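The next block is final20.tsv, given as TSV, C-alpha atoms.
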chain	number	residue	atom	x	y	z
E	171	MET	CA	-92.09	-47.80	39.32
E	172	SER	CA	-92.52	-44.18	40.33
E	173	TYR	CA	-89.78	-42.47	42.32
E	174	LYS	CA	-90.37	-39.93	45.04
E	175	ASN	CA	-89.31	-36.39	44.25
E	176	TYR	CA	-87.98	-35.36	47.66
E	177	PRO	CA	-87.41	-31.76	48.65
E	178	MET	CA	-84.19	-30.83	50.39
E	179	VAL	CA	-83.26	-27.87	52.55
E	180	SER	CA	-82.57	-25.30	49.84
E	181	ARG	CA	-80.14	-23.12	51.78
E	182	VAL	CA	-77.68	-23.99	54.50
E	183	VAL	CA	-74.90	-22.06	56.22
E	184	PHE	CA	-72.22	-23.99	58.10
E	185	GLY	CA	-69.54	-22.55	60.35
E	186	ARG	CA	-68.59	-21.46	63.84
E	187	GLY	CA	-70.19	-18.13	64.64
E	188	SER	CA	-72.52	-18.33	61.62
E	189	PHE	CA	-75.43	-17.74	64.02
E	190	ASN	CA	-74.34	-14.07	63.98
E	191	GLN	CA	-75.55	-13.84	60.37
E	192	LEU	CA	-79.15	-14.73	61.20
E	193	GLY	CA	-80.35	-11.10	60.95
E	194	ASP	CA	-78.84	-10.64	57.48
E	195	ILE	CA	-80.19	-13.99	56.30
E	196	ILE	CA	-83.82	-13.42	57.29
E	197	ALA	CA	-84.05	-9.66	56.54
E	198	PRO	CA	-84.99	-10.13	52.83
E	199	LYS	CA	-87.80	-12.48	53.89
E	200	ARG	CA	-89.61	-9.89	56.00
E	201	GLN	CA	-92.99	-9.27	54.32
E	202	ASN	CA	-93.57	-5.87	55.96
E	203	ILE	CA	-92.84	-4.27	59.32
E	204	LYS	CA	-96.09	-5.60	60.78
E	205	ALA	CA	-95.44	-9.20	59.70
E	206	PRO	CA	-93.28	-10.56	62.53
E	207	PHE	CA	-90.66	-13.22	62.72
E	208	ILE	CA	-91.55	-15.62	65.52
E	209	PHE	CA	-88.52	-17.12	67.31
E	210	LEU	CA	-89.19	-20.42	69.09
E	211	VAL	CA	-86.27	-20.89	71.47
E	212	ASP	CA	-85.49	-23.75	73.86
E	213	ASP	CA	-86.06	-22.36	77.36
E	214	VAL	CA	-82.72	-23.80	78.44
E	215	PHE	CA	-81.31	-20.57	76.90
E	216	LYS	CA	-83.47	-18.26	79.02
E	217	GLY	CA	-81.12	-15.79	80.67
E	218	ASN	CA	-78.19	-16.96	78.54
E	219	SER	CA	-77.17	-13.67	76.97
E	220	TRP	CA	-74.33	-15.35	75.02
E	221	LEU	CA	-77.04	-16.71	72.73
E	222	THR	CA	-80.14	-14.60	73.31
E	223	SER	CA	-78.42	-11.23	72.81
E	224	ARG	CA	-77.70	-12.30	69.22
E	225	ILE	CA	-81.31	-13.07	68.27
E	226	PRO	CA	-82.13	-10.28	65.79
E	227	ILE	CA	-85.52	-9.09	67.10
E	228	ALA	CA	-87.03	-6.05	65.37
E	229	TYR	CA	-90.46	-4.41	64.85
E	230	ASN	CA	-93.24	-6.76	66.04
E	231	ASP	CA	-91.06	-9.85	66.26
E	232	GLN	CA	-91.85	-12.25	69.08
E	233	LEU	CA	-89.59	-14.56	71.06
E	234	LEU	CA	-91.30	-17.56	72.67
E	235	TYR	CA	-89.35	-19.74	75.09
E	236	ILE	CA	-90.46	-23.34	74.92
E	237	SER	CA	-89.63	-26.21	77.25
E	238	ALA	CA	-88.15	-29.29	75.61
E	239	ASP	CA	-88.79	-31.42	78.70
E	240	GLU	CA	-91.58	-33.22	76.89
E	241	GLU	CA	-91.81	-34.49	73.34
E	242	PRO	CA	-93.78	-32.12	71.06
E	243	LYS	CA	-97.54	-32.65	70.95
E	244	THR	CA	-100.17	-31.84	68.33
E	245	SER	CA	-102.09	-29.89	71.00
E	246	GLN	CA	-98.99	-27.80	71.70
E	247	VAL	CA	-98.69	-26.94	67.99
E	248	ASP	CA	-102.36	-25.89	67.89
E	249	GLU	CA	-101.90	-23.67	70.96
E	250	LEU	CA	-98.81	-21.98	69.52
E	251	VAL	CA	-100.54	-21.34	66.19
E	252	GLU	CA	-103.56	-19.84	67.95
E	253	GLN	CA	-101.35	-17.69	70.16
E	254	ILE	CA	-99.46	-16.36	67.12
E	255	ILE	CA	-102.65	-15.65	65.14
E	256	LEU	CA	-104.28	-13.84	68.09
E	257	SER	CA	-101.15	-11.77	68.85
E	258	HIS	CA	-100.53	-10.43	65.34
E	259	LYS	CA	-102.79	-8.94	62.69
E	260	ASP	CA	-100.49	-9.98	59.85
E	261	ARG	CA	-99.40	-13.51	59.04
E	262	PRO	CA	-95.80	-13.95	60.27
E	263	SER	CA	-92.90	-13.46	57.86
E	264	GLY	CA	-91.35	-16.62	59.19
E	265	ILE	CA	-90.81	-19.06	62.05
E	266	ILE	CA	-87.31	-19.58	63.40
E	267	GLY	CA	-86.61	-22.59	65.62
E	268	ILE	CA	-83.53	-22.48	67.85
E	269	GLY	CA	-82.93	-25.64	69.88
E	270	GLY	CA	-82.87	-29.43	69.62
E	271	GLY	CA	-85.17	-31.81	67.77
E	272	THR	CA	-88.21	-30.90	69.87
E	273	ILE	CA	-87.99	-27.18	69.08
E	274	LEU	CA	-87.07	-27.78	65.42
E	275	ASP	CA	-90.05	-30.10	64.99
E	276	LEU	CA	-92.36	-27.54	66.61
E	277	ALA	CA	-91.05	-24.81	64.30
E	278	LYS	CA	-91.72	-26.99	61.26
E	279	ALA	CA	-95.22	-27.94	62.44
E	280	VAL	CA	-96.23	-24.38	63.37
E	281	SER	CA	-95.09	-23.06	59.98
E	282	ILE	CA	-97.30	-25.69	58.29
E	283	LEU	CA	-100.37	-25.07	60.46
E	284	LEU	CA	-100.24	-21.32	59.84
E	285	THR	CA	-101.15	-21.96	56.19
E	286	ASN	CA	-103.18	-25.18	56.47
E	287	LYS	CA	-106.59	-25.14	58.19
E	288	GLY	CA	-107.60	-27.37	61.05
E	289	GLU	CA	-105.65	-29.13	63.78
E	290	ALA	CA	-102.17	-30.60	63.72
E	291	LYS	CA	-103.45	-34.13	64.36
E	292	ASN	CA	-105.19	-34.10	60.94
E	293	TYR	CA	-101.81	-33.92	59.22
E	294	GLN	CA	-100.08	-36.80	61.02
E	295	GLY	CA	-99.14	-39.24	58.28
E	296	TRP	CA	-97.65	-39.16	54.81
E	297	ASP	CA	-98.29	-36.36	52.29
E	298	LEU	CA	-101.44	-34.87	53.84
E	299	VAL	CA	-100.28	-31.22	53.77
E	300	LYS	CA	-101.78	-29.30	50.83
E	301	SER	CA	-100.47	-25.72	51.09
E	302	PRO	CA	-96.81	-24.66	51.36
E	303	ALA	CA	-95.72	-23.67	54.88
E	304	ILE	CA	-94.58	-20.16	55.69
E	305	TYR	CA	-90.83	-19.46	55.56
E	306	HIS	CA	-89.11	-21.43	58.32
E	307	VAL	CA	-85.54	-21.57	59.58
E	308	GLY	CA	-83.89	-24.27	61.69
E	309	ILE	CA	-80.92	-23.63	63.97
E	310	PRO	CA	-79.89	-26.77	65.89
E	311	THR	CA	-78.18	-26.27	69.26
E	312	ILE	CA	-77.53	-30.00	69.74
E	313	SER	CA	-76.67	-32.59	67.11
E	314	GLY	CA	-78.01	-36.01	66.28
E	315	THR	CA	-81.73	-36.01	65.59
E	316	GLY	CA	-81.46	-34.97	61.95
E	317	ALA	CA	-84.58	-32.82	62.51
E	318	GLU	CA	-82.77	-29.96	60.78
E	319	VAL	CA	-82.80	-31.82	57.47
E	320	SER	CA	-85.72	-34.28	57.57
E	321	ARG	CA	-89.10	-34.01	55.82
E	322	THR	CA	-91.00	-34.92	58.94
E	323	THR	CA	-91.97	-33.32	62.22
E	324	VAL	CA	-92.72	-35.99	64.80
E	325	LEU	CA	-95.66	-35.23	67.09
E	326	THR	CA	-97.54	-37.07	69.81
E	327	GLY	CA	-101.23	-36.78	69.03
E	328	PRO	CA	-104.36	-37.93	70.86
E	329	GLN	CA	-104.29	-41.31	69.08
E	330	LYS	CA	-100.73	-41.84	67.95
E	331	LYS	CA	-97.18	-40.64	67.75
E	332	LEU	CA	-96.52	-39.95	64.09
E	333	GLY	CA	-94.80	-37.36	61.97
E	334	ILE	CA	-96.22	-34.81	59.58
E	335	ASN	CA	-94.28	-36.28	56.65
E	336	SER	CA	-94.60	-33.94	53.69
E	337	ASP	CA	-92.80	-32.05	50.96
E	338	HIS	CA	-93.68	-28.82	52.78
E	339	THR	CA	-92.06	-29.84	56.07
E	340	PRO	CA	-88.30	-29.31	55.45
E	341	PHE	CA	-86.76	-26.00	56.47
E	342	ASP	CA	-86.20	-23.30	53.85
E	343	GLN	CA	-82.97	-22.33	55.59
E	344	VAL	CA	-80.73	-24.02	58.12
E	345	ILE	CA	-77.85	-22.49	60.06
E	346	LEU	CA	-75.35	-25.06	61.33
E	347	ASP	CA	-73.19	-23.35	63.93
E	348	PRO	CA	-71.32	-26.05	65.92
E	349	GLU	CA	-70.47	-23.48	68.61
E	350	LEU	CA	-74.10	-23.49	69.75
E	351	ALA	CA	-73.67	-27.04	71.07
E	352	LYS	CA	-70.93	-26.10	73.54
E	353	ASP	CA	-72.97	-26.43	76.75
E	354	VAL	CA	-74.84	-29.65	76.02
E	355	PRO	CA	-74.68	-31.97	79.08
E	356	LYS	CA	-72.74	-35.18	78.47
E	357	GLU	CA	-75.68	-37.60	78.79
E	358	GLN	CA	-77.76	-35.49	76.43
E	359	TRP	CA	-74.85	-35.34	73.96
E	360	PHE	CA	-74.61	-39.13	74.03
E	361	TYR	CA	-78.34	-39.90	73.71
E	362	THR	CA	-78.83	-37.46	70.84
E	363	GLY	CA	-75.64	-38.59	69.13
E	364	MET	CA	-76.88	-42.17	69.41
E	365	ASP	CA	-80.13	-41.15	67.70
E	366	CYS	CA	-77.92	-40.39	64.70
E	367	TYR	CA	-75.96	-43.64	65.08
E	368	ILE	CA	-79.22	-45.63	65.27
E	369	HIS	CA	-80.54	-43.84	62.15
E	370	CYS	CA	-77.46	-45.15	60.34
E	371	ILE	CA	-77.76	-48.72	61.60
E	372	GLU	CA	-81.47	-48.91	60.78
E	373	SER	CA	-81.06	-47.33	57.37
E	374	LEU	CA	-77.96	-49.36	56.36
E	375	ASN	CA	-79.53	-52.66	57.44
E	376	GLY	CA	-82.96	-52.00	55.97
E	377	THR	CA	-84.77	-53.49	52.98
E	378	TYR	CA	-85.24	-49.99	51.53
E	379	LEU	CA	-81.51	-49.45	51.27
E	380	ASN	CA	-80.28	-47.93	48.01
E	381	ALA	CA	-77.13	-46.11	46.91
E	382	PHE	CA	-78.58	-42.71	47.87
E	383	SER	CA	-79.36	-43.66	51.47
E	384	GLN	CA	-76.24	-45.77	51.74
E	385	SER	CA	-73.83	-42.98	50.76
E	386	TYR	CA	-75.23	-40.65	53.44
E	387	GLY	CA	-75.67	-43.42	56.02
E	388	GLU	CA	-72.11	-44.70	55.65
E	389	LYS	CA	-70.68	-41.20	56.03
E	390	ALA	CA	-72.73	-40.51	59.15
E	391	TYR	CA	-71.77	-43.92	60.57
E	392	GLN	CA	-68.07	-43.26	59.96
E	393	LEU	CA	-68.33	-39.85	61.69
E	394	CYS	CA	-70.12	-41.44	64.68
E	395	LEU	CA	-67.27	-43.94	65.03
E	396	GLU	CA	-64.70	-41.13	65.04
E	397	ILE	CA	-66.65	-39.16	67.64
E	398	PHE	CA	-67.77	-41.94	69.98
E	399	THR	CA	-65.05	-44.61	69.76
E	400	GLU	CA	-61.78	-42.69	69.22
E	401	ASP	CA	-59.98	-40.21	71.47
E	402	ASN	CA	-58.08	-38.07	69.01
E	403	LEU	CA	-60.59	-35.28	68.28
E	404	SER	CA	-60.54	-31.83	69.83
E	405	VAL	CA	-63.81	-30.66	71.37
E	406	GLU	CA	-64.34	-28.33	68.40
E	407	ASP	CA	-63.70	-31.06	65.83
E	408	SER	CA	-66.05	-33.36	67.66
E	409	GLN	CA	-68.82	-30.71	67.64
E	410	ASP	CA	-68.25	-29.95	63.94
E	411	LYS	CA	-68.30	-33.61	62.97
E	412	LEU	CA	-71.36	-34.49	65.06
E	413	MET	CA	-73.27	-31.65	63.40
E	414	MET	CA	-72.40	-33.12	60.01
E	415	ALA	CA	-73.14	-36.68	61.17
E	416	SER	CA	-76.61	-35.51	62.21
E	417	TRP	CA	-77.13	-33.94	58.78
E	418	HIS	CA	-75.99	-37.04	56.90
E	419	GLY	CA	-77.92	-39.35	59.24
E	420	GLY	CA	-81.07	-37.35	58.59
E	421	MET	CA	-80.41	-37.47	54.83
E	422	SER	CA	-79.89	-41.23	54.91
E	423	ILE	CA	-83.54	-41.58	55.95
E	424	ALA	CA	-84.85	-39.43	53.06
E	425	TYR	CA	-84.88	-42.29	50.59
E	426	SER	CA	-85.19	-45.10	53.11
E	427	GLN	CA	-86.68	-45.49	56.58
E	428	VAL	CA	-85.77	-46.09	60.19
E	429	GLY	CA	-86.52	-49.43	61.83
E	430	VAL	CA	-87.23	-51.43	64.97
E	431	ALA	CA	-85.71	-49.05	67.54
E	432	HIS	CA	-87.67	-46.05	66.30
E	433	ALA	CA	-90.94	-47.96	65.99
E	434	MET	CA	-90.68	-49.27	69.55
E	435	SER	CA	-89.38	-46.03	71.05
E	436	TYR	CA	-92.45	-44.24	69.62
E	437	GLY	CA	-94.52	-46.63	71.76
E	438	LEU	CA	-92.51	-45.78	74.90
E	439	SER	CA	-92.76	-42.09	74.14
E	440	TYR	CA	-96.51	-42.17	73.48
E	441	LEU	CA	-97.36	-44.01	76.70
E	442	LEU	CA	-94.63	-42.92	79.12
E	443	GLY	CA	-93.42	-39.64	77.57
E	444	THR	CA	-89.89	-41.06	77.25
E	445	LYS	CA	-87.67	-38.57	75.38
E	446	HIS	CA	-86.72	-39.73	71.91
E	447	GLY	CA	-82.93	-40.04	72.31
E	448	ILE	CA	-83.12	-41.94	75.59
E	449	GLY	CA	-86.01	-44.07	74.33
E	450	ASN	CA	-84.06	-45.10	71.25
E	451	CYS	CA	-81.09	-46.10	73.41
E	452	VAL	CA	-83.23	-48.07	75.88
E	453	VAL	CA	-84.85	-50.02	73.01
E	454	PHE	CA	-81.72	-50.46	70.91
E	455	ASP	CA	-79.88	-52.01	73.86
E	456	HIS	CA	-82.18	-55.07	73.46
E	457	LEU	CA	-82.19	-55.47	69.67
E	458	GLU	CA	-79.24	-57.84	69.13
E	459	GLU	CA	-81.55	-60.14	67.20
E	460	PHE	CA	-82.15	-57.48	64.54
E	461	TYR	CA	-78.89	-55.48	64.58
E	462	PRO	CA	-76.21	-57.74	66.15
E	463	ASP	CA	-73.13	-55.71	65.15
E	464	GLY	CA	-74.76	-52.34	65.71
E	465	VAL	CA	-75.90	-53.25	69.22
E	466	LYS	CA	-72.53	-54.75	70.14
E	467	LEU	CA	-70.76	-51.50	69.19
E	468	PHE	CA	-73.46	-49.44	70.92
E	469	LYS	CA	-72.79	-51.30	74.19
E	470	GLN	CA	-69.06	-50.57	73.82
E	471	MET	CA	-69.71	-46.86	73.27
E	472	LYS	CA	-72.06	-46.79	76.25
E	473	GLN	CA	-69.35	-48.31	78.41
E	474	LYS	CA	-66.63	-46.03	77.05
E	475	HIS	CA	-68.62	-42.92	77.97
E	476	ASN	CA	-69.89	-44.28	81.31
E	477	ILE	CA	-73.53	-44.01	80.36
E	478	GLU	CA	-76.08	-45.75	82.60
E	479	LEU	CA	-79.37	-46.25	80.77
E	480	PRO	CA	-82.61	-46.02	82.77
E	481	GLN	CA	-83.82	-49.50	83.74
E	482	GLY	CA	-87.26	-50.94	84.44
E	483	LEU	CA	-89.28	-48.38	82.47
E	484	CYS	CA	-91.91	-51.04	81.76
E	485	SER	CA	-91.65	-53.02	84.99
E	486	ASN	CA	-94.95	-51.80	86.50
E	487	LEU	CA	-97.10	-51.74	83.38
E	488	GLY	CA	-100.34	-53.69	83.00
E	489	ASP	CA	-101.49	-55.59	79.91
E	490	ASP	CA	-103.60	-52.64	78.73
E	491	GLU	CA	-100.57	-50.37	78.81
E	492	PHE	CA	-98.42	-52.86	76.91
E	493	ASP	CA	-101.22	-53.05	74.32
E	494	ILE	CA	-101.17	-49.27	73.85
E	495	MET	CA	-97.41	-49.27	73.18
E	496	ILE	CA	-97.70	-52.27	70.86
E	497	ASP	CA	-100.52	-50.60	68.90
E	498	VAL	CA	-98.42	-47.45	68.39
E	499	ALA	CA	-95.37	-49.47	67.32
E	500	LEU	CA	-97.33	-51.70	64.93
E	501	SER	CA	-99.01	-48.72	63.25
E	502	LEU	CA	-95.65	-47.67	61.77
E	503	GLU	CA	-95.81	-50.06	58.84
E	504	PRO	CA	-93.06	-48.51	56.62
E	505	LEU	CA	-90.57	-48.88	59.50
E	506	TRP	CA	-91.30	-52.61	59.87
E	507	ILE	CA	-91.12	-53.24	56.12
E	508	ASN	CA	-87.72	-51.55	56.13
E	509	ALA	CA	-86.56	-53.49	59.20
E	510	VAL	CA	-87.66	-57.03	58.35
E	511	GLY	CA	-89.32	-57.03	54.93
E	512	LYS	CA	-92.76	-57.28	53.33
E	513	ASN	CA	-93.80	-60.28	55.45
E	514	TRP	CA	-93.07	-58.45	58.69
E	515	LYS	CA	-96.46	-59.34	60.21
E	516	GLN	CA	-95.44	-62.99	60.41
E	517	ILE	CA	-92.28	-62.08	62.34
E	518	ILE	CA	-93.35	-59.09	64.44
E	519	THR	CA	-96.21	-60.44	66.53
E	520	ARG	CA	-97.81	-58.74	69.51
E	521	ASP	CA	-96.23	-61.36	71.81
E	522	LYS	CA	-92.83	-60.69	70.32
E	523	LEU	CA	-93.11	-56.96	70.97
E	524	LYS	CA	-94.48	-57.51	74.46
E	525	SER	CA	-91.55	-59.73	75.41
E	526	LEU	CA	-89.13	-57.06	74.14
E	527	TYR	CA	-90.90	-54.26	76.02
E	528	GLN	CA	-90.87	-56.37	79.20
E	529	LYS	CA	-87.05	-56.35	79.12
E	530	MET	CA	-86.94	-52.54	79.19
As structure tokens, please, write out the structure in this file.
Amino acid sequence: MSYKNYPMVSRVVFGRGSFNQLGDIIAPKRQNIKAPFIFLVDDVFKGNSWLTSRIPIAYNDQLLYISADEEPKTSQVDELVEQIILSHKDRPSGIIGIGGGTILDLAKAVSILLTNKGEAKNYQGWDLVKSPAIYHVGIPTISGTGAEVSRTTVLTGPQKKLGINSDHTPFDQVILDPELAKDVPKEQWFYTGMDCYIHCIESLNGTYLNAFSQSYGEKAYQLCLEIFTEDNLSVEDSQDKLMMASWHGGMSIAYSQVGVAHAMSYGLSYLLGTKHGIGNCVVFDHLEEFYPDGVKLFKQMKQKHNIELPQGLCSNLGDDEFDIMIDVALSLEPLWINAVGKNWKQIITRDKLKSLYQKM
């Protein structure tokens, strides 16, 4: 049997206020004064000088504000890459993503497409990227997705929603500054935190489980319990721990896979544009059959934090639309093998998925 040789983020800084060191960290990576750093920043920070005044822009550097209202698309990656190439004579020194999973995934994808020819959609899948990406840095401002540590960048393409899963995807540098998550709205905090919790449940209950995934998954799970079921953490401790839960939850997937909730939420996202965190929660709420204990606890956490999930997302869909979602979900074969085993096609039928989607 051959084992995968996974890359990890090679450098990581953790600590409150560590964002202030960004300039010092990237300075040695500047190729020359004409080769810019491109900062991709969630546009929720536009006009927020507390954060933006600390972005170390020099020479020809460029700051691009990007909306995270929609999930990242392959077409969006292509547009950004073209914009960067047309605006600068020299190839950038690096791409720095500052935001949540959407912005981090865009930063990873753009850094890959600047050194690999063609369109982003051609790289959706496993191990299709040939050339190393340019230097890229991830700075999460919300915790839970694990995008800061994963070897994938999940994109909605013309045909499918699928990640660019490759050894060249992970960040070269990550800065984990829990302070940056201080203004996250409560619902958003919950949905994104639950993305991490669901990573743990899917990884720990999967057929791919091994000691590597398990050690990270159990730690992330334990942190999620502290944050979402107990009342004894200060706000700062909660932010610190959720940032680490996100990291461990992302790591738990490295040697395993996610499962039913992710596969089905990709379908929702592809057809309806449902954001990943909310989509995962909407799906997971109906998965007692696959994850009885995990779903039971999820419902308790939802109640504890007074979270009302959107209802009736699929209530007005026609058969064609259900088919589109089912096709997207079924295309994610590794997720189904992890969730229910090698014979998953006997268990996960189109009718089965349709009846689940109809409940949402």
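The shortest atom-to-atom distance to Gln473 in chain E, with only C-alpha atoms taken into account, belongs to E:Phe360 out of E:Phe360, E:Trp417, E:Tyr461, E:Trp506.
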Scan for residues within 10 Å of the point (-96.0, -43.5, 75.2) in the coordinates of the file, using all atoms listed in the file, and reply as a PDB file with C-alpha atoms, in the frame of the given file.
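The result, written out as out-v5.pdb:
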ATOM      1  CA  THR E 326     -97.540 -37.070  69.810  1.00  0.00           C
ATOM      2  CA  LYS E 330    -100.730 -41.840  67.950  1.00  0.00           C
ATOM      3  CA  LYS E 331     -97.180 -40.640  67.750  1.00  0.00           C
ATOM      4  CA  MET E 434     -90.680 -49.270  69.550  1.00  0.00           C
ATOM      5  CA  SER E 435     -89.380 -46.030  71.050  1.00  0.00           C
ATOM      6  CA  TYR E 436     -92.450 -44.240  69.620  1.00  0.00           C
ATOM      7  CA  GLY E 437     -94.520 -46.630  71.760  1.00  0.00           C
ATOM      8  CA  LEU E 438     -92.510 -45.780  74.900  1.00  0.00           C
ATOM      9  CA  SER E 439     -92.760 -42.090  74.140  1.00  0.00           C
ATOM     10  CA  TYR E 440     -96.510 -42.170  73.480  1.00  0.00           C
ATOM     11  CA  LEU E 441     -97.360 -44.010  76.700  1.00  0.00           C
ATOM     12  CA  LEU E 442     -94.630 -42.920  79.120  1.00  0.00           C
ATOM     13  CA  GLY E 443     -93.420 -39.640  77.570  1.00  0.00           C
ATOM     14  CA  THR E 444     -89.890 -41.060  77.250  1.00  0.00           C
ATOM     15  CA  LYS E 445     -87.670 -38.570  75.380  1.00  0.00           C
ATOM     16  CA  GLU E 491    -100.570 -50.370  78.810  1.00  0.00           C
ATOM     17  CA  PHE E 492     -98.420 -52.860  76.910  1.00  0.00           C
ATOM     18  CA  ILE E 494    -101.170 -49.270  73.850  1.00  0.00           C
ATOM     19  CA  MET E 495     -97.410 -49.270  73.180  1.00  0.00           C
ATOM     20  CA  ILE E 496     -97.700 -52.270  70.860  1.00  0.00           C
ATOM     21  CA  VAL E 498     -98.420 -47.450  68.390  1.00  0.00           C
ATOM     22  CA  ALA E 499     -95.370 -49.470  67.320  1.00  0.00           C
TER      23      ALA E 499
END
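Going from CA of Ile273 in chain E over to CA of Lys300 in chain E, you cover 23.0 Å.
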Report, in Å with one decimal, the straight-line distance from CA of Asp407 in chain E to CA of Gln392 in chain E.
14.2 Å
Contact check, range 299-350 of chain E to range 361-382 of chain E, at most 8 Å, counting only C-alpha atoms, closest pairs as JSON lines:
{"residue": "E:Ile312", "atom": "CA", "partner": "E:Thr362", "partner_atom": "CA", "distance": 7.7}
{"residue": "E:Ser313", "atom": "CA", "partner": "E:Gly363", "partner_atom": "CA", "distance": 6.4}
{"residue": "E:Gly314", "atom": "CA", "partner": "E:Gly363", "partner_atom": "CA", "distance": 4.5}
{"residue": "E:Thr315", "atom": "CA", "partner": "E:Asp365", "partner_atom": "CA", "distance": 5.8}
{"residue": "E:Gly316", "atom": "CA", "partner": "E:Cys366", "partner_atom": "CA", "distance": 7.0}
Kindly provide, as an mmCIF file with C-alpha atoms, keeping the file's coordinate frame, the polymer residues lying within 8 Å of (-93.6, -55.6, 70.8), counting all atoms listed in the file and using the coordinates exactly as they appear in the file.
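Writing the result to part_28.cif gives the following:
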data_model
loop_
_atom_site.group_PDB
_atom_site.id
_atom_site.type_symbol
_atom_site.label_atom_id
_atom_site.label_comp_id
_atom_site.auth_asym_id
_atom_site.auth_seq_id
_atom_site.Cartn_x
_atom_site.Cartn_y
_atom_site.Cartn_z
ATOM 1 C CA MET E 434 -90.680 -49.270 69.550
ATOM 2 C CA MET E 495 -97.410 -49.270 73.180
ATOM 3 C CA ILE E 496 -97.700 -52.270 70.860
ATOM 4 C CA ALA E 499 -95.370 -49.470 67.320
ATOM 5 C CA LEU E 500 -97.330 -51.700 64.930
ATOM 6 C CA ILE E 518 -93.350 -59.090 64.440
ATOM 7 C CA THR E 519 -96.210 -60.440 66.530
ATOM 8 C CA ARG E 520 -97.810 -58.740 69.510
ATOM 9 C CA ASP E 521 -96.230 -61.360 71.810
ATOM 10 C CA LYS E 522 -92.830 -60.690 70.320
ATOM 11 C CA LEU E 523 -93.110 -56.960 70.970
ATOM 12 C CA LYS E 524 -94.480 -57.510 74.460
ATOM 13 C CA SER E 525 -91.550 -59.730 75.410
ATOM 14 C CA LEU E 526 -89.130 -57.060 74.140
ATOM 15 C CA TYR E 527 -90.900 -54.260 76.020
#
Top pick for closest residue to Arg224 in chain E, considering E:Gly269, E:Gly420, E:Gly187, E:Pro206 and counting only C-alpha atoms:
E:Gly187
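Between Asp231 in chain E and the candidates E:Glu249, E:Lys216, E:Val299, E:Leu210, the tightest atom-to-atom separation, counting only C-alpha atoms, involves E:Leu210.
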Neighbour list for Gln343 in chain E as an MDAnalysis selection string, cut-off 10 Å, only C-alpha atoms, skip fewer than 4 positions in-chain
chainID E and resid 179:183 195:196 266 305:309 318:319
Emit as JSON the padded axis-aligned box for all listed atoms of range 393-402 of chain E, 8 Å per side, with centre and edge lengths in Å to one decimal.
{"center_x": -64.1, "center_y": -41.3, "center_z": 66.6, "size_x": 28.0, "size_y": 22.5, "size_z": 25.8}
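For the pair CA of His456 in chain E and CA of Met530 in chain E, the interatomic distance is 7.9 Å.
Remark: for His338 in chain E, the closest of the candidate residues E:Leu298, E:Ile225, E:Leu233, E:Val453 is E:Leu298 (distances computed over only C-alpha atoms).
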